[in-house]
>>> print(open('protein.txt').read())   # compact mmCIF, C-alpha atoms and all ligand atoms
# COMPACT_ATOMS: atom_id res chain seq x y z
CA MET A 25 82.04 142.04 97.73
CA ASN A 26 80.46 140.29 100.73
CA LYS A 27 80.36 136.50 100.51
CA ASN A 28 79.08 133.88 102.91
CA ILE A 29 81.14 130.70 102.64
CA ALA A 30 79.93 127.43 104.19
CA VAL A 31 82.95 125.63 105.61
CA ILE A 32 83.04 121.87 106.07
CA ARG A 33 86.25 121.01 107.88
CA GLY A 34 85.32 117.31 108.08
CA ASP A 35 87.56 114.57 109.43
CA GLY A 36 91.23 113.55 109.54
CA ILE A 37 93.45 116.25 108.02
CA GLY A 38 90.32 118.20 106.94
CA PRO A 39 90.42 120.78 109.78
CA GLU A 40 94.19 121.34 109.33
CA ILE A 41 94.09 122.01 105.58
CA VAL A 42 90.87 124.06 105.65
CA GLY A 43 92.39 126.23 108.41
CA GLN A 44 95.22 127.20 106.07
CA ALA A 45 92.85 127.91 103.14
CA ILE A 46 90.81 130.23 105.38
CA ARG A 47 93.93 132.17 106.38
CA VAL A 48 94.61 132.68 102.66
CA LEU A 49 91.01 133.77 101.96
CA ASP A 50 91.19 136.26 104.85
CA LYS A 51 94.36 137.77 103.46
CA ILE A 52 92.79 138.08 100.00
CA ALA A 53 89.70 139.72 101.52
CA GLN A 54 91.91 142.23 103.29
CA GLN A 55 94.00 142.99 100.20
CA TYR A 56 91.12 143.33 97.73
CA GLY A 57 88.51 144.91 100.02
CA HIS A 58 86.13 141.93 100.26
CA SER A 59 84.37 140.55 103.29
CA PHE A 60 84.12 136.76 103.68
CA THR A 61 82.03 135.31 106.50
CA TYR A 62 82.24 131.61 107.33
CA THR A 63 79.40 129.34 108.42
CA GLU A 64 80.65 126.13 110.00
CA VAL A 65 78.91 122.98 108.72
CA ASP A 66 79.20 119.49 110.26
CA MET A 67 79.49 116.70 107.69
CA GLY A 68 81.06 113.24 107.66
CA GLY A 69 82.35 111.30 110.65
CA CYS A 70 82.27 114.31 112.97
CA ALA A 71 78.56 114.83 112.11
CA ILE A 72 77.85 111.14 112.80
CA ASP A 73 79.48 111.52 116.22
CA LYS A 74 77.58 114.72 116.99
CA TRP A 75 74.22 114.26 115.27
CA GLY A 76 73.98 110.52 114.47
CA GLU A 77 74.03 111.05 110.67
CA PRO A 78 76.60 112.25 108.12
CA LEU A 79 74.67 115.28 106.82
CA PRO A 80 71.67 116.36 108.90
CA LYS A 81 69.18 118.49 106.98
CA ALA A 82 69.97 121.60 109.06
CA GLN A 83 73.63 121.29 107.97
CA LEU A 84 72.70 120.88 104.28
CA ASP A 85 70.43 123.93 104.61
CA LYS A 86 73.41 126.01 105.76
CA CYS A 87 75.22 125.04 102.54
CA LEU A 88 72.17 125.87 100.42
CA ALA A 89 71.96 129.31 102.05
CA SER A 90 75.63 130.07 101.37
CA ASP A 91 77.33 131.68 98.36
CA SER A 92 79.67 128.68 98.10
CA VAL A 93 80.99 125.70 100.04
CA LEU A 94 84.60 124.88 100.96
CA LEU A 95 85.26 121.27 102.02
CA GLY A 96 88.33 119.57 103.52
CA ALA A 97 87.70 115.81 103.49
CA VAL A 98 85.53 113.28 105.29
CA GLY A 99 85.88 109.69 106.48
CA GLY A 100 88.28 107.56 108.43
CA PRO A 101 88.74 104.12 109.99
CA LYS A 102 86.55 104.99 112.99
CA TRP A 103 83.40 104.98 110.83
CA GLU A 104 84.36 102.31 108.28
CA GLY A 105 82.28 99.47 109.75
CA MET A 106 79.04 101.47 109.76
CA GLU A 107 76.09 100.63 107.51
CA GLY A 108 75.82 102.45 104.15
CA SER A 109 73.52 105.34 105.09
CA LYS A 110 75.59 106.10 108.20
CA ARG A 111 78.96 106.31 106.46
CA PRO A 112 80.77 109.66 106.20
CA GLU A 113 80.98 109.45 102.37
CA LYS A 114 77.17 109.29 102.23
CA GLY A 115 77.25 112.88 103.50
CA LEU A 116 79.21 113.87 100.41
CA LEU A 117 76.77 112.14 98.04
CA SER A 118 73.81 113.76 99.84
CA LEU A 119 75.52 117.15 99.62
CA ARG A 120 76.11 116.81 95.84
CA ALA A 121 72.52 115.65 95.27
CA GLY A 122 71.06 118.22 97.70
CA MET A 123 72.90 121.08 96.00
CA GLY A 124 72.12 119.70 92.49
CA LEU A 125 75.81 119.68 91.57
CA TYR A 126 75.94 118.13 88.11
CA ALA A 127 79.34 119.36 86.90
CA ASN A 128 82.61 118.24 88.42
CA ASN A 129 85.68 120.22 87.31
CA ARG A 130 88.99 118.61 88.02
CA PRO A 131 92.12 120.41 86.84
CA ALA A 132 95.20 118.41 85.87
CA LYS A 133 98.01 120.87 86.27
CA LEU A 134 101.63 119.90 86.60
CA TRP A 135 103.64 122.43 88.56
CA PRO A 136 107.00 122.50 86.71
CA GLN A 137 108.78 122.47 90.09
CA LEU A 138 107.24 119.03 90.77
CA ALA A 139 107.90 117.61 87.29
CA ASP A 140 109.93 114.70 88.70
CA ALA A 141 106.80 113.43 90.46
CA SER A 142 105.04 112.78 87.12
CA PRO A 143 105.20 109.19 85.86
CA LEU A 144 105.41 110.52 82.27
CA LYS A 145 108.69 110.94 80.37
CA PRO A 146 110.46 114.30 80.86
CA SER A 147 110.10 115.01 77.12
CA ILE A 148 106.30 114.82 77.42
CA VAL A 149 106.16 116.72 80.72
CA ALA A 150 108.35 119.49 79.27
CA LYS A 151 105.52 120.47 76.90
CA GLY A 152 103.36 121.32 79.94
CA ILE A 153 100.26 119.76 81.50
CA ASP A 154 97.43 122.15 82.29
CA PHE A 155 93.89 121.04 81.49
CA ILE A 156 90.52 120.50 83.18
CA VAL A 157 88.18 117.52 82.98
CA VAL A 158 84.56 118.67 83.21
CA ARG A 159 82.64 115.55 84.23
CA GLU A 160 78.86 115.14 84.31
CA LEU A 161 78.19 114.08 87.90
CA ILE A 162 74.59 113.05 88.50
CA GLY A 163 73.45 111.24 85.34
CA GLY A 164 74.44 108.41 83.00
CA VAL A 165 75.15 104.80 83.83
CA TYR A 166 75.85 105.41 87.54
CA PHE A 167 72.30 106.70 87.93
CA GLY A 168 70.44 104.52 85.38
CA GLU A 169 68.68 101.25 86.20
CA HIS A 170 70.89 98.44 87.53
CA LYS A 171 69.59 94.87 87.60
CA THR A 172 70.76 91.26 87.72
CA GLU A 173 68.30 88.57 86.59
CA VAL A 174 68.43 84.90 85.67
CA VAL A 175 67.93 84.23 81.95
CA ASN A 176 68.15 80.68 80.55
CA GLY A 177 69.72 79.43 83.79
CA GLU A 178 72.48 82.04 84.07
CA LYS A 179 72.74 85.45 85.64
CA VAL A 180 72.56 88.45 83.33
CA ALA A 181 73.43 91.91 84.64
CA THR A 182 72.30 95.14 82.99
CA ASP A 183 73.21 98.78 83.68
CA VAL A 184 71.31 101.42 81.75
CA MET A 185 73.01 104.66 80.63
CA PRO A 186 70.34 107.31 80.10
CA TYR A 187 71.04 110.91 79.09
CA SER A 188 68.44 113.52 78.20
CA GLU A 189 69.09 116.59 76.06
CA HIS A 190 68.73 119.02 78.98
CA GLU A 191 71.29 117.07 81.06
CA ILE A 192 73.78 117.24 78.19
CA GLU A 193 73.07 120.87 77.42
CA ARG A 194 73.71 122.09 80.97
CA ILE A 195 77.05 120.26 81.28
CA GLY A 196 77.96 121.23 77.71
CA ARG A 197 77.48 124.88 78.63
CA ILE A 198 79.75 124.48 81.66
CA GLY A 199 82.35 123.00 79.28
CA PHE A 200 82.13 125.98 76.90
CA GLU A 201 82.03 128.55 79.74
CA THR A 202 85.05 126.94 81.43
CA ALA A 203 86.94 127.03 78.13
CA MET A 204 86.05 130.73 77.77
CA LYS A 205 87.75 131.39 81.14
CA ARG A 206 90.87 129.50 80.01
CA ARG A 207 92.65 128.97 76.67
CA LYS A 208 89.34 128.63 74.76
CA LYS A 209 89.74 125.01 73.60
CA LEU A 210 87.06 122.40 74.31
CA CYS A 211 87.21 118.69 73.50
CA CYS A 212 84.05 116.58 73.85
CA VAL A 213 85.06 113.02 74.75
CA ASP A 214 82.60 110.23 73.94
CA LYS A 215 82.09 106.90 72.18
CA ALA A 216 79.91 108.15 69.34
CA ASN A 217 80.99 105.28 67.07
CA VAL A 218 79.08 102.87 69.35
CA LEU A 219 76.75 104.61 71.82
CA ASP A 220 73.47 106.42 71.14
CA THR A 221 74.03 108.56 74.25
CA SER A 222 77.30 109.78 72.74
CA ARG A 223 75.62 110.61 69.42
CA LEU A 224 73.03 112.65 71.33
CA TRP A 225 75.88 114.38 73.21
CA ARG A 226 77.43 115.41 69.90
CA ALA A 227 74.11 116.66 68.50
CA VAL A 228 73.53 118.84 71.56
CA MET A 229 77.14 120.10 71.58
CA HIS A 230 76.78 121.06 67.89
CA ARG A 231 73.67 123.09 68.80
CA LEU A 232 75.58 124.96 71.53
CA GLN A 233 78.73 125.55 69.48
CA PRO A 234 77.52 128.65 67.53
CA GLU A 235 76.90 130.42 70.87
CA TYR A 236 80.63 130.19 71.64
CA PRO A 237 82.35 131.16 68.36
CA GLU A 238 85.62 131.95 70.15
CA VAL A 239 85.98 128.39 71.43
CA GLU A 240 87.96 125.94 69.29
CA TYR A 241 85.74 122.83 69.59
CA SER A 242 86.79 119.23 68.86
CA GLU A 243 85.61 115.68 69.52
CA MET A 244 87.51 112.53 70.48
CA PHE A 245 86.61 108.92 71.24
CA VAL A 246 87.23 108.02 74.86
CA ASP A 247 89.69 105.20 74.12
CA ASN A 248 91.81 107.59 72.08
CA ALA A 249 91.49 110.30 74.76
CA ALA A 250 92.86 107.88 77.38
CA MET A 251 95.91 107.34 75.14
CA GLN A 252 96.34 111.01 74.22
CA ILE A 253 96.34 112.07 77.91
CA CYS A 254 99.50 109.93 78.32
CA LYS A 255 101.00 110.67 74.92
CA ASP A 256 100.54 114.44 74.64
CA PRO A 257 98.51 115.99 77.47
CA SER A 258 99.62 119.48 76.37
CA GLN A 259 97.04 119.33 73.54
CA PHE A 260 94.12 119.63 76.01
CA ASP A 261 92.61 122.71 77.64
CA VAL A 262 89.09 121.61 78.67
CA ILE A 263 87.62 118.12 78.24
CA VAL A 264 83.86 117.70 78.69
CA THR A 265 82.49 114.21 79.12
CA GLU A 266 79.82 111.99 80.67
CA ASN A 267 79.91 110.60 84.20
CA MET A 268 81.73 107.25 83.86
CA PHE A 269 84.23 108.38 81.19
CA GLY A 270 84.93 111.45 83.35
CA ASP A 271 85.41 109.33 86.46
CA ILE A 272 88.11 107.30 84.74
CA LEU A 273 89.80 110.09 82.74
CA SER A 274 89.93 112.52 85.69
CA ASP A 275 91.80 109.93 87.77
CA GLU A 276 94.21 109.32 84.90
CA ALA A 277 94.63 113.08 84.53
CA SER A 278 95.45 113.63 88.21
CA MET A 279 97.85 110.68 88.21
CA ILE A 280 100.04 112.19 85.49
CA THR A 281 100.59 115.30 87.62
CA GLY A 282 101.98 113.00 90.32
CA SER A 283 100.95 114.91 93.44
CA ILE A 284 97.66 114.12 95.17
CA GLY A 285 98.06 116.87 97.79
CA MET A 286 98.21 119.64 95.16
CA ILE A 287 94.99 119.15 93.18
CA PRO A 288 91.73 121.01 93.79
CA SER A 289 88.31 120.31 92.30
CA SER A 290 84.96 122.01 92.01
CA SER A 291 81.39 120.82 91.60
CA LEU A 292 78.82 123.18 90.15
CA GLY A 293 75.09 123.16 89.44
CA GLU A 294 72.56 125.84 88.57
CA GLY A 295 73.65 129.29 89.70
CA THR A 296 77.06 130.18 91.01
CA CYS A 297 77.07 128.34 94.35
CA GLY A 298 79.55 125.46 94.12
CA LEU A 299 81.42 122.93 96.21
CA TYR A 300 85.21 123.30 96.28
CA GLU A 301 87.55 120.68 97.75
CA PRO A 302 90.93 118.99 97.26
CA ILE A 303 90.74 115.66 95.40
CA HIS A 304 92.35 113.64 98.18
CA GLY A 305 90.72 112.06 101.23
CA SER A 306 91.10 112.63 104.97
CA ALA A 307 94.58 110.98 105.16
CA PRO A 308 94.00 109.41 108.60
CA ASP A 309 97.63 108.17 108.62
CA ILE A 310 98.94 111.73 109.06
CA ALA A 311 95.92 113.42 110.70
CA GLY A 312 96.61 115.69 113.66
CA GLN A 313 100.37 115.77 112.96
CA ASN A 314 100.57 119.10 111.09
CA LYS A 315 102.13 117.26 108.13
CA ALA A 316 99.39 117.54 105.48
CA ASN A 317 99.85 119.51 102.28
CA PRO A 318 97.25 122.32 102.34
CA ILE A 319 97.91 123.46 98.74
CA GLY A 320 95.07 121.40 97.16
CA THR A 321 92.61 123.11 99.52
CA ILE A 322 94.19 126.55 99.07
CA LEU A 323 93.86 126.11 95.28
CA ALA A 324 90.25 124.92 95.78
CA ALA A 325 89.61 128.25 97.53
CA ALA A 326 91.21 130.00 94.52
CA MET A 327 88.86 128.07 92.18
CA MET A 328 85.94 129.24 94.31
CA LEU A 329 87.01 132.85 93.84
CA LYS A 330 87.36 132.39 90.08
CA TYR A 331 84.36 130.26 89.20
CA SER A 332 81.76 131.21 91.85
CA PHE A 333 82.67 134.82 92.67
CA ASP A 334 84.21 136.01 89.35
CA MET A 335 87.31 137.15 91.23
CA ASP A 336 89.85 136.24 88.56
CA ALA A 337 92.65 138.51 89.77
CA GLU A 338 92.34 137.25 93.35
CA ALA A 339 92.46 133.62 92.19
CA ALA A 340 95.48 134.36 90.01
CA ALA A 341 97.23 136.00 92.99
CA ILE A 342 96.83 132.82 95.05
CA GLU A 343 98.12 130.62 92.21
CA ALA A 344 101.11 132.93 91.72
CA ALA A 345 101.87 132.82 95.46
CA VAL A 346 101.80 129.00 95.43
CA ASN A 347 104.10 129.05 92.41
CA ARG A 348 106.64 131.26 94.21
CA VAL A 349 106.54 129.06 97.33
CA LEU A 350 107.34 126.02 95.16
CA ASP A 351 110.08 128.01 93.41
CA LYS A 352 111.67 128.61 96.80
CA GLY A 353 111.85 124.85 97.31
CA LEU A 354 109.39 124.61 100.22
CA ARG A 355 107.63 121.21 100.33
CA THR A 356 105.40 119.23 102.66
CA GLY A 357 106.32 115.57 103.17
CA ASP A 358 104.12 114.19 100.35
CA CYS A 359 106.17 115.96 97.65
CA MET A 360 109.50 116.41 99.43
CA ALA A 361 112.52 116.10 97.11
CA GLU A 362 116.28 116.34 97.45
CA GLY A 363 117.53 119.88 97.98
CA CYS A 364 114.11 121.16 99.12
CA THR A 365 113.07 122.37 102.57
CA LEU A 366 110.51 120.36 104.52
CA VAL A 367 107.69 122.44 106.01
CA THR A 368 104.63 121.64 108.10
CA CYS A 369 101.04 122.22 107.06
CA THR A 370 101.02 125.52 108.98
CA GLY A 371 104.48 126.34 107.63
CA MET A 372 103.15 125.97 104.08
CA GLY A 373 100.21 128.25 104.97
CA ASP A 374 102.66 130.82 106.39
CA ALA A 375 104.75 130.65 103.21
CA VAL A 376 101.75 131.22 100.90
CA LEU A 377 100.60 134.14 103.06
CA ALA A 378 104.08 135.64 102.96
CA GLU A 379 104.08 135.45 99.12
CA LEU A 380 100.68 137.13 98.96
P1 LIG A 401 93.64 109.65 101.02
O1 LIG A 401 93.59 110.55 99.85
O2 LIG A 401 93.06 110.17 102.28
O3 LIG A 401 95.17 109.25 101.33
C1 LIG A 401 95.99 108.52 100.40
C2 LIG A 401 97.47 108.79 100.73
O4 LIG A 401 97.80 110.12 100.33
C3 LIG A 401 97.78 108.70 102.22
O5 LIG A 401 99.08 108.15 102.38
C4 LIG A 401 97.78 110.13 102.69
O6 LIG A 401 98.62 110.38 103.80
C5 LIG A 401 98.26 110.87 101.45
N1 LIG A 401 97.65 112.21 101.37
C6 LIG A 401 96.39 112.52 100.98
N2 LIG A 401 96.20 113.83 101.04
C7 LIG A 401 97.35 114.37 101.49
C8 LIG A 401 97.76 115.70 101.77
N3 LIG A 401 96.96 116.75 101.60
N4 LIG A 401 99.02 115.89 102.20
C9 LIG A 401 99.87 114.86 102.37
N5 LIG A 401 99.54 113.58 102.13
C10 LIG A 401 98.29 113.34 101.68
O7 LIG A 401 92.93 108.29 100.60
P2 LIG A 401 92.55 107.01 101.47
O8 LIG A 401 93.62 106.72 102.46
O9 LIG A 401 92.14 106.00 100.49
O10 LIG A 401 91.22 107.43 102.26
C11 LIG A 401 91.20 107.89 103.60
C12 LIG A 401 89.77 108.27 103.98
O11 LIG A 401 89.35 109.39 103.18
C13 LIG A 401 88.76 107.16 103.71
O12 LIG A 401 87.83 107.15 104.78
C14 LIG A 401 88.10 107.59 102.42
O13 LIG A 401 86.79 107.09 102.30
C15 LIG A 401 88.10 109.08 102.58
N6 LIG A 401 88.00 109.84 101.31
C16 LIG A 401 87.31 111.01 101.37
C17 LIG A 401 87.24 111.82 100.24
C18 LIG A 401 86.51 113.12 100.35
O14 LIG A 401 86.20 113.57 101.44
N7 LIG A 401 86.23 113.79 99.23
C19 LIG A 401 87.89 111.43 99.06
C20 LIG A 401 88.62 110.24 99.03
C21 LIG A 401 88.67 109.46 100.19
>>> encode(input="protein.txt", output="structure tokens", more="lines below")
Ligand code: NAD
Amino acid sequence: MNKNIAVIRGDGIGPEIVGQAIRVLDKIAQQYGHSFTYTEVDMGGCAIDKWGEPLPKAQLDKCLASDSVLLGAVGGPKWEGMEGSKRPEKGLLSLRAGMGLYANNRPAKLWPQLADASPLKPSIVAKGIDFIVVRELIGGVYFGEHKTEVVNGEKVATDVMPYSEHEIERIGRIGFETAMKRRKKLCCVDKANVLDTSRLWRAVMHRLQPEYPEVEYSEMFVDNAAMQICKDPSQFDVIVTENMFGDILSDEASMITGSIGMIPSSSLGEGTCGLYEPIHGSAPDIAGQNKANPIGTILAAAMMLKYSFDMDAEAAAIEAAVNRVLDKGLRTGDCMAEGCTLVTCTGMGDAVLAEL
């Protein structure tokens, strides 16, 4: 297959970690007979420096013309004092909106070799943690009306949480389709005992359910889900939920795996073109020192192969290579432990390539 990948190296450690992911993609292309071409896109602080804005239209257009987008991270202290529309993170929001990315997939996977890094008890961790939170990304209370007014002499603030059936249906489908590519279990997380939006979510999910007879479907209230993620995360395969619940639960889910440098994420919309990135930021404290952990970005590239290009075997090969590198005790500084061998960002890239 020939694929055109838009590459946003971004700021801070972004160029270092993306460089390693591209080496891995090139090796996969060579082994499996694919051809990947890369279109460089400026976004974030580097785009502000070069073009005066975080995501110029010509740069967004390059992403829209690509088969998928790989992102490192954006931002840093240099641009922190700038006004809202000129901040690097605005580039990311414009990219998500511009590409119509309404589904954020964030896996919570604990690599057994890093089990000590989890804040959960060993007896819970031993059962395994490997699930994905599919979060609706461009609707709900973050995008509804926000207002503060004075009523009877005091301020009253209101945030509206709208959801329409088509918004729920499209994210619901992503939930079912993601489950079909995994262990075929889907849990819809909501607050249907209180919220009308949640009751509409359930009604739409019930309509979709017969189309996916192989998927074991369940429902859970969000307060219970927050507890269950700590108590027995092994019960989950795919969670689908609205924007704010997903924001909170996906952070909880990544926390229990204990290693910020290891976790990838994807954002998808209509069609197969998606945005793939690690969940962490640009780590300005270690930028330019060849210390960053590139595994989150390498696994983001693997997600791109699986979810955007239908290259399941290639994605599995990358995950297996990462697994073997961890088995050999190689670690970057963020997850270094006693008895392991410290490697640089490039050293970790070399090790993954060697295992491929
Ligand atoms: P951060 O994720 O960049 O860093 C938090 C801590 O984790 C730091 O100590 C850092 O060194 C470490 N860390 C992060 N990724 C690592 C990796 N791959 N390997 C080793 N260590 C790693 O969060 P922050 O410090 O709050 O934010 C720094 C900048 O990144 C800010 O400008 C923020 O706005 C931006 N940011 C960008 C994104 C994005 O581009 N998607 C996401 C979050 C934050």
>>> closest_residue(input="protein.txt", among="A:Pro237, A:Gly100, A:Pro136, A:Gly164", to="Leu210 in chain A", atoms="only C-alpha atoms")
A:Pro237
>>> closest_atom_pairs(input="protein.txt", of="chain A", to="ligand LIG 401 (chain A)", cutoff="9 Å", atoms="only C-alpha atoms and all ligand atoms", output="Markdown table")
| residue | atom | partner | partner_atom | distance |
| --- | --- | --- | --- | --- |
| A:Gly34 | CA | A:LIG401 | O14 | 7.7 |
| A:Asp35 | CA | A:LIG401 | O14 | 8.2 |
| A:Gly36 | CA | A:LIG401 | C12 | 7.8 |
| A:Ile37 | CA | A:LIG401 | N3 | 7.3 |
| A:Gly38 | CA | A:LIG401 | O14 | 8.3 |
| A:Ile41 | CA | A:LIG401 | N3 | 7.2 |
| A:Gly68 | CA | A:LIG401 | O14 | 8.1 |
| A:Leu95 | CA | A:LIG401 | O14 | 7.8 |
| A:Gly96 | CA | A:LIG401 | O14 | 6.7 |
| A:Ala97 | CA | A:LIG401 | O14 | 3.4 |
| A:Val98 | CA | A:LIG401 | O14 | 3.9 |
| A:Gly99 | CA | A:LIG401 | O12 | 3.6 |
| A:Gly100 | CA | A:LIG401 | O12 | 3.7 |
| A:Pro101 | CA | A:LIG401 | O12 | 6.1 |
| A:Lys102 | CA | A:LIG401 | O12 | 8.6 |
| A:Trp103 | CA | A:LIG401 | O12 | 7.8 |
| A:Glu104 | CA | A:LIG401 | O12 | 6.9 |
| A:Arg111 | CA | A:LIG401 | O13 | 8.9 |
| A:Pro112 | CA | A:LIG401 | O13 | 7.6 |
| A:Glu113 | CA | A:LIG401 | O13 | 6.3 |
| A:Leu116 | CA | A:LIG401 | O14 | 7.1 |
| A:Ser283 | CA | A:LIG401 | C10 | 8.8 |
| A:Ile284 | CA | A:LIG401 | N2 | 6.1 |
| A:Gly285 | CA | A:LIG401 | N3 | 4.0 |
| A:Met286 | CA | A:LIG401 | N3 | 7.2 |
| A:Ile287 | CA | A:LIG401 | N3 | 9.0 |
| A:Glu301 | CA | A:LIG401 | N7 | 7.2 |
| A:Pro302 | CA | A:LIG401 | N7 | 7.3 |
| A:Ile303 | CA | A:LIG401 | N7 | 6.2 |
| A:His304 | CA | A:LIG401 | O1 | 3.7 |
| A:Gly305 | CA | A:LIG401 | O2 | 3.2 |
| A:Ser306 | CA | A:LIG401 | O11 | 4.1 |
| A:Ala307 | CA | A:LIG401 | O2 | 3.4 |
| A:Pro308 | CA | A:LIG401 | C11 | 5.9 |
| A:Asp309 | CA | A:LIG401 | O6 | 5.4 |
| A:Ile310 | CA | A:LIG401 | O6 | 5.4 |
| A:Ala311 | CA | A:LIG401 | O6 | 8.0 |
| A:Lys315 | CA | A:LIG401 | C9 | 6.6 |
| A:Ala316 | CA | A:LIG401 | N4 | 3.7 |
| A:Asn317 | CA | A:LIG401 | N4 | 3.7 |
| A:Pro318 | CA | A:LIG401 | N3 | 5.6 |
| A:Ile319 | CA | A:LIG401 | N3 | 7.4 |
| A:Gly320 | CA | A:LIG401 | N3 | 6.7 |
| A:Thr321 | CA | A:LIG401 | N3 | 8.0 |
| A:Thr356 | CA | A:LIG401 | C9 | 7.1 |
| A:Gly357 | CA | A:LIG401 | C9 | 6.5 |
| A:Asp358 | CA | A:LIG401 | C9 | 4.8 |
| A:Cys359 | CA | A:LIG401 | C9 | 7.9 |
| A:Cys369 | CA | A:LIG401 | N4 | 8.2 |
>>> axis_aligned_box(input="protein.txt", around="range 198-206 of chain A", padding_each_side="4 Å", output="lines of an AutoDock Vina configuration file")
center_x = 85.3
center_y = 127.2
center_z = 79.3
size_x = 19.1
size_y = 16.4
size_z = 12.8
>>> residues_around(input="protein.txt", residues="Gly196 in chain A", least_positions_apart="6", cutoff="12 Å", atoms="all atoms listed in the file", output="ChimeraX atom specification")
/A:126-127,158-160,189-190,202-203,210-213,224-233,235-236,241,262-266
>>> closest_residue(input="protein.txt", among="A:Ile253, A:Ile72, A:Ala121, A:Val180", to="Ile156 in chain A", atoms="only C-alpha atoms")
A:Ile253
>>> closest_residue(input="protein.txt", among="A:Asn128, A:Gln137, A:Ser90, A:Ser109", to="Ser290 in chain A", atoms="only C-alpha atoms")
A:Asn128
>>> build_atoms(input="protein.txt", residues="range 344-356 of chain A", atoms="N, CA, C and O atoms", output="PDB file, keeping the file's coordinate frame")
ATOM      1  N   ALA A 344      99.747 132.390  91.873  1.00  0.00           N
ATOM      2  CA  ALA A 344     101.110 132.930  91.720  1.00  0.00           C
ATOM      3  C   ALA A 344     101.888 132.775  93.022  1.00  0.00           C
ATOM      4  O   ALA A 344     103.085 132.472  93.017  1.00  0.00           O
ATOM      5  N   ALA A 345     101.199 132.963  94.161  1.00  0.00           N
ATOM      6  CA  ALA A 345     101.870 132.820  95.460  1.00  0.00           C
ATOM      7  C   ALA A 345     102.311 131.363  95.658  1.00  0.00           C
ATOM      8  O   ALA A 345     103.433 131.109  96.104  1.00  0.00           O
ATOM      9  N   VAL A 346     101.449 130.424  95.308  1.00  0.00           N
ATOM     10  CA  VAL A 346     101.800 129.000  95.430  1.00  0.00           C
ATOM     11  C   VAL A 346     103.014 128.706  94.537  1.00  0.00           C
ATOM     12  O   VAL A 346     103.963 128.021  94.944  1.00  0.00           O
ATOM     13  N   ASN A 347     102.990 129.250  93.351  1.00  0.00           N
ATOM     14  CA  ASN A 347     104.100 129.050  92.410  1.00  0.00           C
ATOM     15  C   ASN A 347     105.428 129.533  93.006  1.00  0.00           C
ATOM     16  O   ASN A 347     106.444 128.846  92.923  1.00  0.00           O
ATOM     17  N   ARG A 348     105.402 130.705  93.644  1.00  0.00           N
ATOM     18  CA  ARG A 348     106.640 131.260  94.210  1.00  0.00           C
ATOM     19  C   ARG A 348     107.123 130.430  95.404  1.00  0.00           C
ATOM     20  O   ARG A 348     108.320 130.229  95.579  1.00  0.00           O
ATOM     21  N   VAL A 349     106.159 129.911  96.196  1.00  0.00           N
ATOM     22  CA  VAL A 349     106.540 129.060  97.330  1.00  0.00           C
ATOM     23  C   VAL A 349     107.245 127.796  96.811  1.00  0.00           C
ATOM     24  O   VAL A 349     108.272 127.376  97.352  1.00  0.00           O
ATOM     25  N   LEU A 350     106.714 127.233  95.736  1.00  0.00           N
ATOM     26  CA  LEU A 350     107.340 126.020  95.160  1.00  0.00           C
ATOM     27  C   LEU A 350     108.709 126.378  94.574  1.00  0.00           C
ATOM     28  O   LEU A 350     109.669 125.615  94.714  1.00  0.00           O
ATOM     29  N   ASP A 351     108.788 127.545  93.953  1.00  0.00           N
ATOM     30  CA  ASP A 351     110.080 128.010  93.410  1.00  0.00           C
ATOM     31  C   ASP A 351     111.145 128.087  94.501  1.00  0.00           C
ATOM     32  O   ASP A 351     112.320 127.844  94.245  1.00  0.00           O
ATOM     33  N   LYS A 352     110.718 128.471  95.694  1.00  0.00           N
ATOM     34  CA  LYS A 352     111.670 128.610  96.800  1.00  0.00           C
ATOM     35  C   LYS A 352     112.057 127.263  97.388  1.00  0.00           C
ATOM     36  O   LYS A 352     112.840 127.207  98.343  1.00  0.00           O
ATOM     37  N   GLY A 353     111.459 126.194  96.873  1.00  0.00           N
ATOM     38  CA  GLY A 353     111.850 124.850  97.310  1.00  0.00           C
ATOM     39  C   GLY A 353     111.186 124.402  98.607  1.00  0.00           C
ATOM     40  O   GLY A 353     111.634 123.440  99.233  1.00  0.00           O
ATOM     41  N   LEU A 354     110.093 125.055  99.011  1.00  0.00           N
ATOM     42  CA  LEU A 354     109.390 124.610 100.220  1.00  0.00           C
ATOM     43  C   LEU A 354     108.434 123.477  99.855  1.00  0.00           C
ATOM     44  O   LEU A 354     107.685 123.582  98.885  1.00  0.00           O
ATOM     45  N   ARG A 355     108.469 122.383 100.639  1.00  0.00           N
ATOM     46  CA  ARG A 355     107.630 121.210 100.330  1.00  0.00           C
ATOM     47  C   ARG A 355     107.111 120.588 101.626  1.00  0.00           C
ATOM     48  O   ARG A 355     107.849 120.501 102.612  1.00  0.00           O
ATOM     49  N   THR A 356     105.874 120.114 101.584  1.00  0.00           N
ATOM     50  CA  THR A 356     105.400 119.230 102.660  1.00  0.00           C
ATOM     51  C   THR A 356     105.891 117.814 102.338  1.00  0.00           C
ATOM     52  O   THR A 356     106.364 117.558 101.217  1.00  0.00           O
TER      53      THR A 356
END
